[in-house]
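In what follows, a single structure is set out as structure tokens and then discussed.
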Amino acid sequence: MAMQSSYSDASASSVDASEVAKFSKLSEEWWDPRGKMAPLHKINPLRLTYIRDAACRKFDRNVRSLNCLSGLRMLDIGCGAGLLCEPFTRLGAQVIGIDPSATNIAAAKLHADKGHLSIDYRCTTVEEMDVRERFDIVLAMEVIEHVVDVGAFLDRCASMLKPGGLMVVSTLNRNWKSFALGIVAAEYVLRWLPRGTHQWDKFVTPDELAHHLSRNKLEITEQSGVVYNPLGDRWTLSSDMDVNYMVVAEEV
Amino acid sequence: MAAQRGIVIGGGAFAGLALALALRQGLGPDLPIIVADPALANRPSRDPRATAIVAACRRLFDALGVWDAVAAESQPILDMVVTDSKLEDATRPTFLTFGGHVEPGEPFAHMVENRRLIDELVIRAEAAGVDLRATAVTTFDSRADGVSVALGDGSVIEAALLVAADGARSKLRERAGIATHGWDYDQSGIVVTVGHERDHDGRAEEHFLPAGPFAILPLTGKRSSLVWTEKRAEAARIVALPDDEFHAELEQRFGLHLGEVKALDKPRAFPLGYFVARSFIGERLALIGDAAHVIHPIAGQGLNMGLKDVAALAETIVDAARLGMDFGQIDVLERYQRWRRFDTMTMGVATNVLNVLFSNDLPFVRSIRDIGLGIVDRLPPLKGAFIKQAAGLSGEVPRLLKGEAL
């Protein structure tokens, strides 16, 4: 597999040196497991496991293989600095990571270059992507609670799936508990996230999600709550979907 | 080409070789795994010592495919006796006996000669495509995104992780600036293999003599391996004695219950100490085995602790690699440290308490420990828990120690 990055010219002369330093710092912050993004690093193995296992079941792959996603084309929407893109690239997937933030994309490219990983990062949104692009796997992890029109967004995601493709969505449920834990606790008490990260009224219930997906002939085949266990300081899957949850959707 | 970078293991004794094999099994053939140790040039091994392999670690060797080859020459420990006596006592009252099975048909432990096991590990590692280099890791430079490891043969390897498996006086630990804390026991363990007239019937004995524990561990044939604790100066004197005088000291402690006894090799004294590294991990670095901890041999757990490190670290790395994660990252290594360091501290403290309690001839201390042993002996659940603990089957057990492949 060719491992050299197609973005090795990221620091070419057209880019201001101080800009590069800024992206480099941002990239280090994103990727420091003990830094600002520590909560995301902590939850990441669980997300990786959930997505990998769903993909291996769907595409009949061996989860023990270090190359278990080889040849699968994967879109990660809202990829940030690539915390999902890099692991899935190592597992053999051909990953396209998109994010509307140019600084995130620059940070992601810098980090992938360092690790000699070839990842197609683009500063764009699903709405702006070429309508002919198709993927085996589309990931919308912690993004739908930030979009303006969830229905339109999911329609667009669904249209990019190849026949027999797989979509994985994670988000926050909308009820009193998610308000208490997802906003008051996470943003104000524990300060895992900056204040104002989430607006509670944009959270999406599993029923609403299922409704939007079924309109696109997608059915939720798996769903799981994601809960934080303060004793073990780790995240685990749970039947409790009141706050954070993930779903796998496939064609009916 | 593998998408993941390789792993360099500094140190090719039990822990280093077992880790290399476990990783090869779990990670497949493409990821480079290098074991560097000048001692790999000395083949076959001439290590005269024998080691008790507890049930959990036998399962690990089984899962790694090395047990079958050493099984025929291993001696199962079928039964254990603990006594508490003064040197001049004519009889040694038995305070504790253990029937030695953790599961029906699975002995609590096996005695294996070190050289058999080392030779088999080397053969298997070579066959599995582990890159064995008879040279040392001379230096390394670890950064957030990787580690450059320089070997004595002049090569420099860019790896995801360096594992220090280079023993109690680990140079890699020192270079990483990881301190240890512990103490010296002012005791030495005299190690010698003896032959005896009568069969030991697979019975291990531990006699708590005034100077410390005197353990008789059964080997194949009419042979046993002794671990004999004395004050350091006394141990040095004893191992330097002429054969006939050494024999007298031996017989006084060993007794005549197995008939005539004689030393089969030259007795050697090893200083006993205890330490635990302040951290089992560093940037792109993990410590295993004696590089991470050395404990008193009173409970025969030293090597087994190292093999538990192997099982926990291998599982941590393999699980992370199968998620595509950069397994040398500190948050991945922290899982290994959480898994092992507490268990190690517990075992270190427990063996220290045992040693203080048993290397002591004060009548008051003796009566306390004898009451304690008597109680343990009469309470089957408590005894069962001790056996499970000693066999390495308590707590969150790594898959390899359950005999499962990674």
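Ordering of the structure tokens sets the chain letters (A, B, ...); residue numbers start at 1 within each chain; ligands are numbered from 1 in the order shown.
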Could you give me, as a list in words, the residues within 12 Å of Ala210 in chain A, counting only C-alpha atoms and dropping anything in the same chain fewer than 3 positions from it?
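Contacts, with the query itself left out: Val150, Gly151, Leu154, Val169, Val204, Thr205, Pro206, Asp207, Leu213, Ser214, Arg215, Asn216, Lys217, Leu218, Glu219, Ile220, Thr221, Glu222, Gln223, Met246, Val247, Val248, Ala249 and Glu250 of chain A.
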Would you put the residues from that selection into a file with N, CA, C and O atoms, as an mmCIF file, in the first residue's frame?
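Once everything was written out, this is selection18.cif:
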```cif
data_model
loop_
_atom_site.group_PDB
_atom_site.id
_atom_site.type_symbol
_atom_site.label_atom_id
_atom_site.label_comp_id
_atom_site.auth_asym_id
_atom_site.auth_seq_id
_atom_site.Cartn_x
_atom_site.Cartn_y
_atom_site.Cartn_z
ATOM 1 N N VAL A 150 -31.769 18.624 9.854
ATOM 2 C CA VAL A 150 -31.340 17.219 10.007
ATOM 3 C C VAL A 150 -31.869 16.352 8.868
ATOM 4 O O VAL A 150 -31.146 15.514 8.318
ATOM 5 N N GLY A 151 -33.129 16.567 8.510
ATOM 6 C CA GLY A 151 -33.751 15.753 7.467
ATOM 7 C C GLY A 151 -33.016 15.881 6.142
ATOM 8 O O GLY A 151 -32.623 14.871 5.534
ATOM 9 N N LEU A 154 -29.525 14.245 6.323
ATOM 10 C CA LEU A 154 -29.529 12.785 6.242
ATOM 11 C C LEU A 154 -29.928 12.299 4.850
ATOM 12 O O LEU A 154 -29.419 11.277 4.383
ATOM 13 N N VAL A 169 -24.332 6.619 12.680
ATOM 14 C CA VAL A 169 -24.628 7.958 13.181
ATOM 15 C C VAL A 169 -24.540 7.935 14.707
ATOM 16 O O VAL A 169 -25.029 7.002 15.348
ATOM 17 N N VAL A 204 -31.361 15.131 18.765
ATOM 18 C CA VAL A 204 -32.269 14.352 17.928
ATOM 19 C C VAL A 204 -32.651 13.061 18.653
ATOM 20 O O VAL A 204 -31.779 12.354 19.151
ATOM 21 N N THR A 205 -33.939 12.770 18.691
ATOM 22 C CA THR A 205 -34.349 11.522 19.350
ATOM 23 C C THR A 205 -34.174 10.352 18.382
ATOM 24 O O THR A 205 -34.191 10.540 17.157
ATOM 25 N N PRO A 206 -34.026 9.134 18.909
ATOM 26 C CA PRO A 206 -33.872 7.957 18.038
ATOM 27 C C PRO A 206 -35.056 7.794 17.086
ATOM 28 O O PRO A 206 -34.866 7.383 15.942
ATOM 29 N N ASP A 207 -36.263 8.152 17.535
ATOM 30 C CA ASP A 207 -37.429 8.036 16.667
ATOM 31 C C ASP A 207 -37.343 8.984 15.473
ATOM 32 O O ASP A 207 -37.651 8.615 14.342
ATOM 33 N N LEU A 213 -34.286 8.349 8.344
ATOM 34 C CA LEU A 213 -33.559 7.287 7.632
ATOM 35 C C LEU A 213 -34.518 6.445 6.797
ATOM 36 O O LEU A 213 -34.212 6.095 5.653
ATOM 37 N N SER A 214 -35.692 6.126 7.370
ATOM 38 C CA SER A 214 -36.603 5.225 6.659
ATOM 39 C C SER A 214 -37.128 5.902 5.382
ATOM 40 O O SER A 214 -37.413 5.234 4.392
ATOM 41 N N ARG A 215 -37.233 7.236 5.417
ATOM 42 C CA ARG A 215 -37.628 7.952 4.207
ATOM 43 C C ARG A 215 -36.634 7.678 3.075
ATOM 44 O O ARG A 215 -36.964 7.720 1.904
ATOM 45 N N ASN A 216 -35.388 7.371 3.464
ATOM 46 C CA ASN A 216 -34.340 7.057 2.480
ATOM 47 C C ASN A 216 -34.111 5.555 2.342
ATOM 48 O O ASN A 216 -33.040 5.121 1.929
ATOM 49 N N LYS A 217 -35.109 4.782 2.731
ATOM 50 C CA LYS A 217 -35.052 3.323 2.631
ATOM 51 C C LYS A 217 -33.907 2.733 3.453
ATOM 52 O O LYS A 217 -33.335 1.705 3.111
ATOM 53 N N LEU A 218 -33.573 3.438 4.540
ATOM 54 C CA LEU A 218 -32.551 2.904 5.452
ATOM 55 C C LEU A 218 -33.226 2.519 6.765
ATOM 56 O O LEU A 218 -34.083 3.245 7.266
ATOM 57 N N GLU A 219 -32.778 1.375 7.281
ATOM 58 C CA GLU A 219 -33.377 0.884 8.506
ATOM 59 C C GLU A 219 -32.282 0.806 9.575
ATOM 60 O O GLU A 219 -31.150 0.421 9.272
ATOM 61 N N ILE A 220 -32.646 1.162 10.798
ATOM 62 C CA ILE A 220 -31.680 1.024 11.898
ATOM 63 C C ILE A 220 -31.592 -0.453 12.271
ATOM 64 O O ILE A 220 -32.582 -1.052 12.687
ATOM 65 N N THR A 221 -30.412 -1.040 12.090
ATOM 66 C CA THR A 221 -30.258 -2.469 12.366
ATOM 67 C C THR A 221 -29.584 -2.717 13.713
ATOM 68 O O THR A 221 -29.597 -3.828 14.226
ATOM 69 N N GLU A 222 -28.965 -1.685 14.234
ATOM 70 C CA GLU A 222 -28.350 -1.809 15.559
ATOM 71 C C GLU A 222 -28.429 -0.457 16.215
ATOM 72 O O GLU A 222 -28.279 0.557 15.540
ATOM 73 N N GLN A 223 -28.592 -0.446 17.521
ATOM 74 C CA GLN A 223 -28.513 0.830 18.224
ATOM 75 C C GLN A 223 -28.027 0.595 19.642
ATOM 76 O O GLN A 223 -28.249 -0.462 20.217
ATOM 77 N N MET A 246 -25.586 5.686 19.538
ATOM 78 C CA MET A 246 -25.077 5.430 18.180
ATOM 79 C C MET A 246 -26.026 4.461 17.495
ATOM 80 O O MET A 246 -26.603 3.582 18.147
ATOM 81 N N VAL A 247 -26.163 4.611 16.177
ATOM 82 C CA VAL A 247 -26.965 3.649 15.424
ATOM 83 C C VAL A 247 -26.247 3.239 14.144
ATOM 84 O O VAL A 247 -25.427 3.978 13.618
ATOM 85 N N VAL A 248 -26.577 2.026 13.683
ATOM 86 C CA VAL A 248 -26.102 1.543 12.396
ATOM 87 C C VAL A 248 -27.323 1.441 11.498
ATOM 88 O O VAL A 248 -28.346 0.889 11.908
ATOM 89 N N ALA A 249 -27.238 2.012 10.297
ATOM 90 C CA ALA A 249 -28.379 1.952 9.380
ATOM 91 C C ALA A 249 -27.948 1.311 8.065
ATOM 92 O O ALA A 249 -26.842 1.540 7.579
ATOM 93 N N GLU A 250 -28.840 0.459 7.531
ATOM 94 C CA GLU A 250 -28.564 -0.228 6.263
ATOM 95 C C GLU A 250 -29.810 -0.174 5.396
ATOM 96 O O GLU A 250 -30.906 0.076 5.894
#
```
Interface list for chain A, partner chain B, 9 Å threshold, only C-alpha atoms, as a ChimeraX atom specification
/A:1-3,32-34,41-42,45,48-49,52,63-68,86-92,114-117
For Gly403 in chain B, find every residue with an atom within 12 Å (counting only C-alpha atoms), except residues of its own chain fewer than 6 positions away, and show them as a PyMOL selection string.
chain B and resi 22+55-65+67+311+393+397
Go ahead and write the selection's residues with N, CA, C and O atoms as a JSON list (two decimals), in the first residue's frame.
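Below is the file selection-v3.json, written as the result:
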```json
[["chain", "number", "residue", "atom", "x", "y", "z"],
["B", 22, "ALA", "N", 3.67, -13.67, 21.48],
["B", 22, "ALA", "CA", 2.27, -13.30, 21.66],
["B", 22, "ALA", "C", 1.88, -12.21, 20.66],
["B", 22, "ALA", "O", 0.80, -12.26, 20.06],
["B", 55, "ALA", "N", -0.24, -22.19, 37.05],
["B", 55, "ALA", "CA", -1.22, -22.64, 36.05],
["B", 55, "ALA", "C", -1.51, -21.58, 34.98],
["B", 55, "ALA", "O", -1.55, -21.89, 33.79],
["B", 56, "ALA", "N", -1.71, -20.33, 35.42],
["B", 56, "ALA", "CA", -2.08, -19.29, 34.45],
["B", 56, "ALA", "C", -0.97, -19.12, 33.42],
["B", 56, "ALA", "O", -1.24, -18.94, 32.23],
["B", 57, "CYS", "N", 0.28, -19.19, 33.87],
["B", 57, "CYS", "CA", 1.39, -18.99, 32.94],
["B", 57, "CYS", "C", 1.62, -20.22, 32.06],
["B", 57, "CYS", "O", 2.05, -20.10, 30.92],
["B", 58, "ARG", "N", 1.28, -21.39, 32.59],
["B", 58, "ARG", "CA", 1.33, -22.58, 31.74],
["B", 58, "ARG", "C", 0.31, -22.44, 30.61],
["B", 58, "ARG", "O", 0.58, -22.77, 29.47],
["B", 59, "ARG", "N", -0.85, -21.87, 30.93],
["B", 59, "ARG", "CA", -1.86, -21.65, 29.90],
["B", 59, "ARG", "C", -1.34, -20.68, 28.84],
["B", 59, "ARG", "O", -1.62, -20.83, 27.65],
["B", 60, "LEU", "N", -0.61, -19.68, 29.31],
["B", 60, "LEU", "CA", -0.02, -18.72, 28.35],
["B", 60, "LEU", "C", 0.94, -19.45, 27.41],
["B", 60, "LEU", "O", 0.88, -19.29, 26.19],
["B", 61, "PHE", "N", 1.83, -20.27, 27.97],
["B", 61, "PHE", "CA", 2.78, -21.00, 27.12],
["B", 61, "PHE", "C", 2.05, -21.97, 26.19],
["B", 61, "PHE", "O", 2.48, -22.21, 25.06],
["B", 62, "ASP", "N", 0.94, -22.49, 26.68],
["B", 62, "ASP", "CA", 0.13, -23.38, 25.86],
["B", 62, "ASP", "C", -0.44, -22.60, 24.67],
["B", 62, "ASP", "O", -0.35, -23.03, 23.51],
["B", 63, "ALA", "N", -1.01, -21.42, 24.97],
["B", 63, "ALA", "CA", -1.59, -20.59, 23.91],
["B", 63, "ALA", "C", -0.53, -20.15, 22.91],
["B", 63, "ALA", "O", -0.82, -19.94, 21.74],
["B", 64, "LEU", "N", 0.72, -20.01, 23.37],
["B", 64, "LEU", "CA", 1.80, -19.59, 22.47],
["B", 64, "LEU", "C", 2.41, -20.77, 21.72],
["B", 64, "LEU", "O", 3.33, -20.60, 20.93],
["B", 65, "GLY", "N", 1.95, -21.98, 22.05],
["B", 65, "GLY", "CA", 2.43, -23.16, 21.33],
["B", 65, "GLY", "C", 3.78, -23.68, 21.79],
["B", 65, "GLY", "O", 4.42, -24.46, 21.08],
["B", 67, "TRP", "N", 4.22, -24.96, 25.07],
["B", 67, "TRP", "CA", 4.12, -25.85, 26.23],
["B", 67, "TRP", "C", 4.34, -27.32, 25.87],
["B", 67, "TRP", "O", 5.02, -28.05, 26.58],
["B", 311, "ALA", "N", 1.20, -10.93, 29.19],
["B", 311, "ALA", "CA", -0.17, -11.18, 28.74],
["B", 311, "ALA", "C", -0.97, -9.88, 28.67],
["B", 311, "ALA", "O", -1.72, -9.64, 27.72],
["B", 393, "LEU", "N", -4.81, -16.65, 38.88],
["B", 393, "LEU", "CA", -6.14, -16.69, 38.28],
["B", 393, "LEU", "C", -7.14, -15.83, 39.03],
["B", 393, "LEU", "O", -8.33, -16.08, 39.00],
["B", 397, "VAL", "N", -8.31, -11.22, 34.49],
["B", 397, "VAL", "CA", -7.27, -12.08, 33.92],
["B", 397, "VAL", "C", -7.15, -11.85, 32.41],
["B", 397, "VAL", "O", -8.13, -11.95, 31.68]]
```
Find the residue from B:Leu78, B:Leu151, B:Arg116, B:Thr220 that sits nearest to Pro104 in chain B; use only C-alpha atoms when measuring.
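That would be B:Leu78, the residue with the smallest distance to Pro104 in chain B.
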For Ala13 in chain B, which of B:Leu303, B:Gln25, B:Trp339, B:Leu226 is the closest residue, counting only C-alpha atoms?
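For Ala13 in chain B, the nearest of the given residues is B:Leu303.
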I want to know what sits within 10 Å of Ala18 in chain B, based on only C-alpha atoms, with residues of the same chain fewer than 5 positions away left out; could you give that as JSON, numbers by chain?
{"B": [12, 13, 23, 24, 60, 61, 64, 66, 118, 121, 122, 124, 125, 306, 307, 310, 311, 314]}
Would you kindly return, as a ChimeraX atom specification, each protein, DNA or RNA residue with an atom no farther than 8 Å from any atom of range 193-201 of chain A, considering only C-alpha atoms and excluding same-chain residues fewer than 2 positions away?
/A:145-146,174,178-179,183,186-188,191,203
According to DSSP computed on the backbone, where in range 222-362 of chain B is there helix (DSSP H, G or I)? Give the residues as a ChimeraX atom specification.
/B:232-239,243-254,289-291,297-299,302-321,330-358
Range 32-47 of chain B environment, 7 Å, only C-alpha atoms, sequence neighbours closer than 6 positions dropped, as a PyMOL selection string
chain B and resi 6-12+20+114-115+118-119+130-137
Computed interatomic separation between CA of Glu126 in chain B and CA of Leu161 in chain B (Å):
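Distance between the two atoms: 20.5 Å.
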Pick out the residues sitting within 6 Å of range 107-111 of chain A, and hand them over as a list in words; count only C-alpha atoms, and ignore anything fewer than 2 positions along from it in its own chain.
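Neighbouring residues, sequence-local ones excluded: Phe23, Ser27, Ala81, Gly82, Asn104, Ile105, Asp113 and Lys114 of chain A.
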Looking only at strand (DSSP E) from DSSP on the backbone, list the matching residues of range 22-247 of chain A as a ChimeraX atom specification.
/A:73-77,94-98,120-122,135-141,161-172,218-229,234-238,244-247
